[in-house]
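Chemist: Contents of model28.txt (compact mmCIF, C-alpha atoms and all ligand atoms) are below:
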# COMPACT_ATOMS: atom_id res chain seq x y z
CA ARG H 782 0.00 0.00 0.00
CA LEU H 783 1.18 3.44 -0.89
CA GLN H 784 1.05 6.28 1.61
CA ILE H 785 1.43 9.83 0.28
CA CYS H 786 1.50 12.99 2.40
CA ILE H 787 0.68 16.40 0.93
CA GLU H 788 2.70 19.14 2.62
CA GLY H 789 2.79 22.91 2.35
CA ASN H 790 2.25 26.21 4.13
CA ILE H 791 -1.13 27.31 5.49
CA ALA H 792 -3.43 27.94 2.49
CA SER H 793 -0.95 26.49 0.00
CA GLY H 794 -3.78 24.55 -1.66
CA LYS H 795 -3.46 21.12 -0.07
CA THR H 796 -7.20 20.59 0.07
CA THR H 797 -7.62 21.33 -3.64
CA CYS H 798 -4.85 18.88 -4.43
CA LEU H 799 -6.51 16.16 -2.33
CA GLU H 800 -9.88 16.88 -3.92
CA TYR H 801 -8.36 16.48 -7.37
CA PHE H 802 -6.92 13.08 -6.52
CA ASN H 803 -10.09 12.07 -4.72
CA LYS H 804 -12.01 12.42 -7.96
CA THR H 805 -9.54 10.60 -10.13
CA GLY H 806 -9.44 6.93 -9.38
CA ASN H 807 -8.79 4.44 -6.70
CA ILE H 808 -7.19 6.69 -4.11
CA GLN H 809 -8.34 7.09 -0.57
CA VAL H 810 -8.01 10.66 0.54
CA PHE H 811 -7.91 12.02 4.09
CA THR H 812 -8.20 15.75 4.56
CA GLU H 813 -6.72 17.32 7.64
CA PRO H 814 -8.75 16.79 10.79
CA VAL H 815 -9.02 20.56 11.24
CA HIS H 816 -12.71 20.30 12.16
CA LYS H 817 -11.63 18.25 15.18
CA TRP H 818 -9.08 20.90 16.17
CA ARG H 819 -11.89 23.46 16.12
CA ASN H 820 -14.23 21.32 18.17
CA VAL H 821 -13.11 18.81 20.74
CA ARG H 822 -15.98 18.17 23.11
CA GLY H 823 -17.23 21.69 22.52
CA HIS H 824 -13.81 23.40 22.87
CA ASN H 825 -11.85 25.12 20.10
CA PRO H 826 -8.13 24.58 20.74
CA LEU H 827 -7.22 26.07 17.32
CA ALA H 828 -8.80 29.40 18.20
CA LEU H 829 -7.30 29.30 21.70
CA MET H 830 -3.84 28.68 20.26
CA TYR H 831 -4.05 31.73 17.98
CA GLN H 832 -5.39 33.87 20.86
CA ASP H 833 -2.71 32.88 23.36
CA PRO H 834 -0.03 30.55 21.97
CA GLU H 835 2.05 30.51 25.17
CA ARG H 836 -0.86 29.09 27.11
CA TRP H 837 -2.62 26.93 24.52
CA GLY H 838 0.07 25.90 22.04
CA ILE H 839 0.74 22.60 23.77
CA THR H 840 -2.98 21.90 24.09
CA LEU H 841 -3.55 22.21 20.35
CA GLN H 842 -0.34 20.44 19.36
CA THR H 843 -0.94 17.49 21.69
CA TYR H 844 -4.32 17.01 20.06
CA VAL H 845 -2.93 17.51 16.54
CA GLN H 846 -0.35 14.80 17.27
CA LEU H 847 -3.08 12.39 18.34
CA THR H 848 -5.33 13.06 15.35
CA MET H 849 -2.38 12.75 12.95
CA LEU H 850 -1.31 9.45 14.47
CA ASP H 851 -4.86 8.22 14.12
CA ARG H 852 -4.88 9.24 10.44
CA HIS H 853 -1.58 7.52 9.71
CA LEU H 854 -2.77 4.28 11.28
CA SER H 855 -6.35 4.12 10.02
CA SER H 856 -6.87 1.10 7.84
CA ILE H 857 -8.02 1.41 4.25
CA SER H 858 -9.18 -0.68 1.38
CA SER H 859 -7.68 1.09 -1.64
CA PRO H 860 -4.04 0.58 -2.71
CA VAL H 861 -3.18 4.28 -2.46
CA ARG H 862 -3.89 6.66 0.37
CA MET H 863 -3.22 10.34 0.52
CA MET H 864 -3.36 12.58 3.54
CA GLU H 865 -3.00 16.25 4.33
CA ARG H 866 0.20 16.91 6.23
CA SER H 867 1.65 14.39 8.70
CA ILE H 868 2.72 13.81 12.26
CA PHE H 869 6.19 14.84 11.06
CA SER H 870 5.30 18.34 9.87
CA ALA H 871 3.14 18.84 12.97
CA LYS H 872 6.31 18.43 15.00
CA TYR H 873 9.09 19.69 12.71
CA ILE H 874 7.18 22.72 11.46
CA PHE H 875 4.41 23.83 13.82
CA VAL H 876 5.73 22.80 17.24
CA GLU H 877 9.20 23.92 16.18
CA ASN H 878 7.87 27.29 15.09
CA LEU H 879 6.05 27.90 18.37
CA PHE H 880 9.18 27.00 20.31
CA ARG H 881 11.68 28.95 18.22
CA SER H 882 9.54 32.07 18.17
CA GLY H 883 9.51 32.07 21.97
CA LYS H 884 5.81 31.24 22.11
CA MET H 885 6.15 27.81 23.70
CA PRO H 886 7.75 27.25 27.11
CA GLU H 887 10.73 24.90 27.02
CA VAL H 888 8.98 22.40 29.30
CA ASP H 889 6.01 22.13 26.90
CA TYR H 890 8.39 21.61 23.99
CA ALA H 891 10.22 18.92 26.00
CA VAL H 892 7.01 17.03 26.81
CA LEU H 893 5.76 17.18 23.20
CA SER H 894 9.17 16.03 21.98
CA GLU H 895 9.19 13.08 24.38
CA TRP H 896 5.75 12.05 23.09
CA PHE H 897 6.83 12.43 19.47
CA ASP H 898 10.05 10.46 20.00
CA TRP H 899 8.18 7.68 21.79
CA ILE H 900 5.60 7.44 19.02
CA THR H 901 8.08 7.42 16.15
CA THR H 902 10.35 4.91 17.92
CA ASN H 903 7.64 2.45 18.91
CA ILE H 904 5.05 2.76 16.15
CA CYS H 905 5.76 2.22 12.49
CA ILE H 906 4.48 5.18 10.46
CA PRO H 907 5.00 4.32 6.82
CA VAL H 908 5.26 7.21 4.35
CA ASP H 909 6.29 6.54 0.75
CA LEU H 910 6.21 10.00 -0.76
CA ILE H 911 5.94 13.61 0.33
CA VAL H 912 4.38 16.00 -2.17
CA TYR H 913 5.50 19.52 -1.27
CA LEU H 914 3.27 22.32 -2.57
CA GLN H 915 5.85 25.08 -2.69
CA THR H 916 4.40 28.58 -2.43
CA SER H 917 5.61 32.03 -1.55
CA PRO H 918 4.38 33.19 1.87
CA HIS H 919 2.85 36.16 0.08
CA THR H 920 0.55 33.98 -2.02
CA CYS H 921 -0.60 32.14 1.09
CA HIS H 922 -1.29 35.42 2.83
CA GLU H 923 -3.49 36.56 -0.04
CA ARG H 924 -5.37 33.25 -0.08
CA LEU H 925 -5.83 33.38 3.69
CA LYS H 926 -7.42 36.79 3.46
CA GLN H 927 -9.82 35.55 0.79
CA ARG H 928 -10.79 32.45 2.69
CA CYS H 929 -11.58 34.29 5.95
CA ARG H 930 -11.53 31.41 8.40
CA GLU H 931 -12.44 33.08 11.69
CA GLU H 932 -9.53 31.69 13.75
CA GLU H 933 -6.97 32.67 11.12
CA LYS H 934 -7.76 36.38 10.89
CA VAL H 935 -4.90 37.09 13.29
CA ILE H 936 -2.20 35.39 11.19
CA PRO H 937 0.36 37.96 10.02
CA LEU H 938 2.61 37.55 6.97
CA GLU H 939 5.62 36.97 9.27
CA TYR H 940 3.98 33.83 10.67
CA LEU H 941 3.67 32.41 7.15
CA VAL H 942 7.29 33.40 6.42
CA SER H 943 8.48 31.38 9.46
CA ILE H 944 6.43 28.33 8.48
CA HIS H 945 7.74 28.64 4.91
CA GLN H 946 11.35 28.81 6.12
CA LEU H 947 10.93 25.72 8.30
CA TYR H 948 9.40 23.81 5.37
CA GLU H 949 12.25 24.87 3.05
CA ASP H 950 14.91 23.83 5.58
CA TRP H 951 13.24 20.47 6.07
CA LEU H 952 12.20 19.50 2.51
CA ILE H 953 14.51 21.50 0.20
CA LYS H 954 17.77 22.31 1.99
CA ARG H 955 17.40 19.18 4.13
CA THR H 956 19.42 20.60 6.98
CA SER H 957 16.97 20.49 9.89
CA PHE H 958 15.17 17.18 10.47
CA PRO H 959 15.17 13.68 8.97
CA LEU H 960 13.06 13.06 5.88
CA PRO H 961 10.60 10.19 6.32
CA ALA H 962 10.27 9.74 2.51
CA PRO H 963 11.41 11.09 -0.87
CA VAL H 964 10.06 14.53 -1.79
CA LEU H 965 8.31 15.67 -4.96
CA VAL H 966 8.14 19.45 -5.26
CA ILE H 967 5.25 21.11 -7.09
CA PRO H 968 5.39 24.91 -7.44
CA ALA H 969 1.98 26.06 -6.24
CA ASP H 970 1.70 29.84 -6.62
CA HIS H 971 -0.50 29.50 -9.72
CA ASP H 972 -4.25 29.92 -10.04
CA LEU H 973 -6.65 27.03 -9.60
CA GLN H 974 -6.87 26.07 -13.28
CA LYS H 975 -3.12 25.89 -13.70
CA MET H 976 -2.76 23.95 -10.45
CA LEU H 977 -5.25 21.32 -11.58
CA HIS H 978 -3.23 21.01 -14.77
CA LYS H 979 -0.05 20.55 -12.74
CA TYR H 980 -1.63 17.79 -10.67
CA GLU H 981 -2.62 16.07 -13.88
CA GLU H 982 0.94 16.39 -15.18
CA ASN H 983 2.39 14.92 -12.00
CA ARG H 984 -0.25 12.25 -11.54
CA GLU H 985 1.71 9.37 -13.01
CA LYS H 986 4.88 10.34 -11.19
CA ILE H 987 3.04 10.47 -7.88
CA LEU H 988 1.25 7.17 -8.32
CA ALA H 989 4.36 5.50 -9.73
CA ALA H 990 5.88 5.66 -6.27
CA SER H 991 3.76 2.62 -5.47
CA TYR H 992 5.41 0.26 -7.92
N1 LIG L 1001 -2.21 24.18 12.30
C1 LIG L 1001 -1.45 24.32 13.46
N2 LIG L 1001 -0.63 23.31 13.84
C2 LIG L 1001 -0.52 22.18 13.11
C3 LIG L 1001 -1.25 22.03 11.94
C4 LIG L 1001 -2.10 23.07 11.55
O1 LIG L 1001 -1.53 25.35 14.12
N3 LIG L 1001 0.30 21.23 13.53
C5 LIG L 1001 -3.17 25.25 11.92
C6 LIG L 1001 -2.76 26.11 10.77
C7 LIG L 1001 -4.06 26.52 10.15
C8 LIG L 1001 -5.01 25.39 10.47
O2 LIG L 1001 -4.38 24.63 11.51
O3 LIG L 1001 -4.55 27.69 10.78
C9 LIG L 1001 -5.33 24.54 9.26
O4 LIG L 1001 -4.15 23.97 8.75
P1 LIG L 1001 -3.75 23.85 7.24
O5 LIG L 1001 -3.00 25.00 6.74
O6 LIG L 1001 -3.05 22.59 7.13
O7 LIG L 1001 -5.10 23.70 6.43
P2 LIG L 1001 -5.52 24.57 5.24
O8 LIG L 1001 -6.99 24.40 5.12
O9 LIG L 1001 -4.98 25.94 5.44
O10 LIG L 1001 -4.78 23.91 4.01
P3 LIG L 1001 -4.90 24.34 2.50
O11 LIG L 1001 -5.40 25.74 2.42
O12 LIG L 1001 -3.50 24.19 1.96
O13 LIG L 1001 -5.84 23.37 1.91
As structure tokens - that is how I would like this structure written.

Modeler:
Amino acid sequence: RLQICIEGNIASGKTTCLEYFNKTGNIQVFTEPVHKWRNVRGHNPLALMYQDPERWGITLQTYVQLTMLDRHLSSISSPVRMMERSIFSAKYIFVENLFRSGKMPEVDYAVLSEWFDWITTNICIPVDLIVYLQTSPHTCHERLKQRCREEEKVIPLEYLVSIHQLYEDWLIKRTSFPLPAPVLVIPADHDLQKMLHKYEENREKILAASY
């Protein structure tokens, strides 16, 4: 079975990419469990994190780690599965960003890291390919403004620049953290029509990773 993870900055177009592949053949697609992060037993840890990252960062990221693990391990019937982001980017990009920007206390970072290390040492999380939707932070900022998700209204351009830099260090420069799989880069600053065309172009290459 082939496991593909779609990675990219906030509003880089991951959902559109997954929707494209969802429509075209025998691929099981999992979008990000963001609805869970906005409502866990009536609480909204995503909103809380944006309001006060020092206090609520660990709360959101602990829950993200659980929901990602659940996604990675869920059983499927089709030969190919695709998911939005991964437990790896949750840790290497988002937790790392909170910590490095001084918005996560060192003890919270230590506890999350211990959890992450335990999980990745004791549980096999197979990933065969990472598809990186590479955007400029500027494009993402524009798309964010258009999309108007309530929680995300507070996201400044600098936040997207930091996330972008962490992604580039991890997937392009390869200087920060281990890569769980080979990386296919798709430039993703283009409009919807052109992006759909690009997914079509790369379709074979992406699915070929299974053979
Ligand atoms: N988020 C976070 N920590 C994580 C993962 C995500 O704080 N470990 C936040 C960032 C966004 C929200 O969750 O505010 C949704 O994440 P995505 O960017 O992955 O989802 P999008 O819907 O923005 O993806 P796209 O627009 O590319 O389809």

Chemist: For ligand LIG 1001 (chain L), return the neighbouring residues as a PyMOL selection string (distance at most 7 Å; all atoms listed in the file).

Modeler: chain H and resi 789-797+813+815+827+842+845+865-866+870-872+875-876+933

Chemist: What gap, in Å, lies between CA of Ile906 in chain H and CA of Ser943 in chain H?

Modeler: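 Interatomic distance here is 26.5 Å.
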
Chemist: Measuring atom to atom with only C-alpha atoms, identify which of H:Glu981, H:Phe897, H:His971, H:Lys884 is nearest to Arg924 in chain H.

Modeler: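 Under the stated criterion, the closest residue is H:His971.
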
Chemist: Enter the distance from CA of Glu932 in chain H to CA of Phe811 in chain H, in Å, rounded to one decimal.

Modeler: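 These two atoms are separated by 22.0 Å.
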
Chemist: Return the single residue from H:Ile944, H:Val966, H:Ile839, H:Leu799 that is closest to Tyr890 in chain H, with distances computed using only C-alpha atoms.

Modeler: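 The shortest atom-to-atom distance to Tyr890 in chain H comes from H:Ile839.
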
Chemist: May I have the residues within 10 Å of Met885 in chain H as an mmCIF file with C-alpha atoms, in the frame of the given file, using only C-alpha atoms and disregarding those fewer than 5 positions away in the same chain?

Modeler:
data_model
loop_
_atom_site.group_PDB
_atom_site.id
_atom_site.type_symbol
_atom_site.label_atom_id
_atom_site.label_comp_id
_atom_site.auth_asym_id
_atom_site.auth_seq_id
_atom_site.Cartn_x
_atom_site.Cartn_y
_atom_site.Cartn_z
ATOM 1 C CA PRO H 834 -0.030 30.550 21.970
ATOM 2 C CA GLU H 835 2.050 30.510 25.170
ATOM 3 C CA ARG H 836 -0.860 29.090 27.110
ATOM 4 C CA TRP H 837 -2.620 26.930 24.520
ATOM 5 C CA GLY H 838 0.070 25.900 22.040
ATOM 6 C CA ILE H 839 0.740 22.600 23.770
ATOM 7 C CA VAL H 876 5.730 22.800 17.240
ATOM 8 C CA GLU H 877 9.200 23.920 16.180
ATOM 9 C CA ASN H 878 7.870 27.290 15.090
ATOM 10 C CA LEU H 879 6.050 27.900 18.370
ATOM 11 C CA PHE H 880 9.180 27.000 20.310
ATOM 12 C CA TYR H 890 8.390 21.610 23.990
#

Chemist: Would you work out the distance separating CA of Leu925 in chain H from CA of Thr843 in chain H, expressed in Å to one decimal?

Modeler: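 Straight-line distance from CA of Leu925 in chain H to CA of Thr843 in chain H works out to 24.5 Å.
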
Chemist: Smallest atom-to-atom distance to Leu965 in chain H: which of H:Leu847, H:Leu988, H:Ile911, H:Leu952, using all atoms listed in the file?

Modeler: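 Of H:Leu847, H:Leu988, H:Ile911, H:Leu952, the one nearest Leu965 in chain H is H:Ile911, counting all atoms listed in the file.
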
Chemist: When you look at Ala969 in chain H with a cut-off of 6 Å (counting only C-alpha atoms), what residues show up, excluding the ones that are within fewer than 5 positions of it in the same chain? I need them as JSON, numbers by chain.

Modeler: {"H": [914, 915, 916]}

Chemist: May I have the residues from that selection written out with C-alpha atoms, as a PDB file, keeping the file's coordinate frame?

Modeler:
ATOM      1  CA  LEU H 914       3.270  22.320  -2.570  1.00  0.00           C
ATOM      2  CA  GLN H 915       5.850  25.080  -2.690  1.00  0.00           C
ATOM      3  CA  THR H 916       4.400  28.580  -2.430  1.00  0.00           C
TER       4      THR H 916
END

Chemist: Would you please work out which residue, of H:Glu788, H:Asn820, H:Pro814, H:Met864, is nearest to Pro968 in chain H when using all atoms listed in the file?

Modeler: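 Among H:Glu788, H:Asn820, H:Pro814, H:Met864, it is H:Glu788 that comes nearest to Pro968 in chain H.
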
Chemist: So, with only C-alpha atoms as the atoms that count, which of H:Tyr948, H:Phe869, H:Tyr831, H:Tyr913 lies closest to Glu931 in chain H?

Modeler: H:Tyr831

Chemist: Closest to Met863 in chain H among H:Leu841, H:Asp898, H:Val912, H:Asp851, using only C-alpha atoms?

Modeler: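 Using only C-alpha atoms, the shortest distance to Met863 in chain H belongs to H:Val912.
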
Chemist: Contacts of Gln809 in chain H at 8 Å or less, counting all atoms listed in the file, minus same-chain residues fewer than 4 places along, as a ChimeraX atom specification?

Modeler: /H:803,857,859,861-863

Chemist: With C-alpha atoms kept, could you save the residues just selected as a PDB file, in the frame of the given file?

Modeler:
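For reference, again.pdb as written:
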ATOM      1  CA  ASN H 803     -10.090  12.070  -4.720  1.00  0.00           C
ATOM      2  CA  ILE H 857      -8.020   1.410   4.250  1.00  0.00           C
ATOM      3  CA  SER H 859      -7.680   1.090  -1.640  1.00  0.00           C
ATOM      4  CA  VAL H 861      -3.180   4.280  -2.460  1.00  0.00           C
ATOM      5  CA  ARG H 862      -3.890   6.660   0.370  1.00  0.00           C
ATOM      6  CA  MET H 863      -3.220  10.340   0.520  1.00  0.00           C
TER       7      MET H 863
END
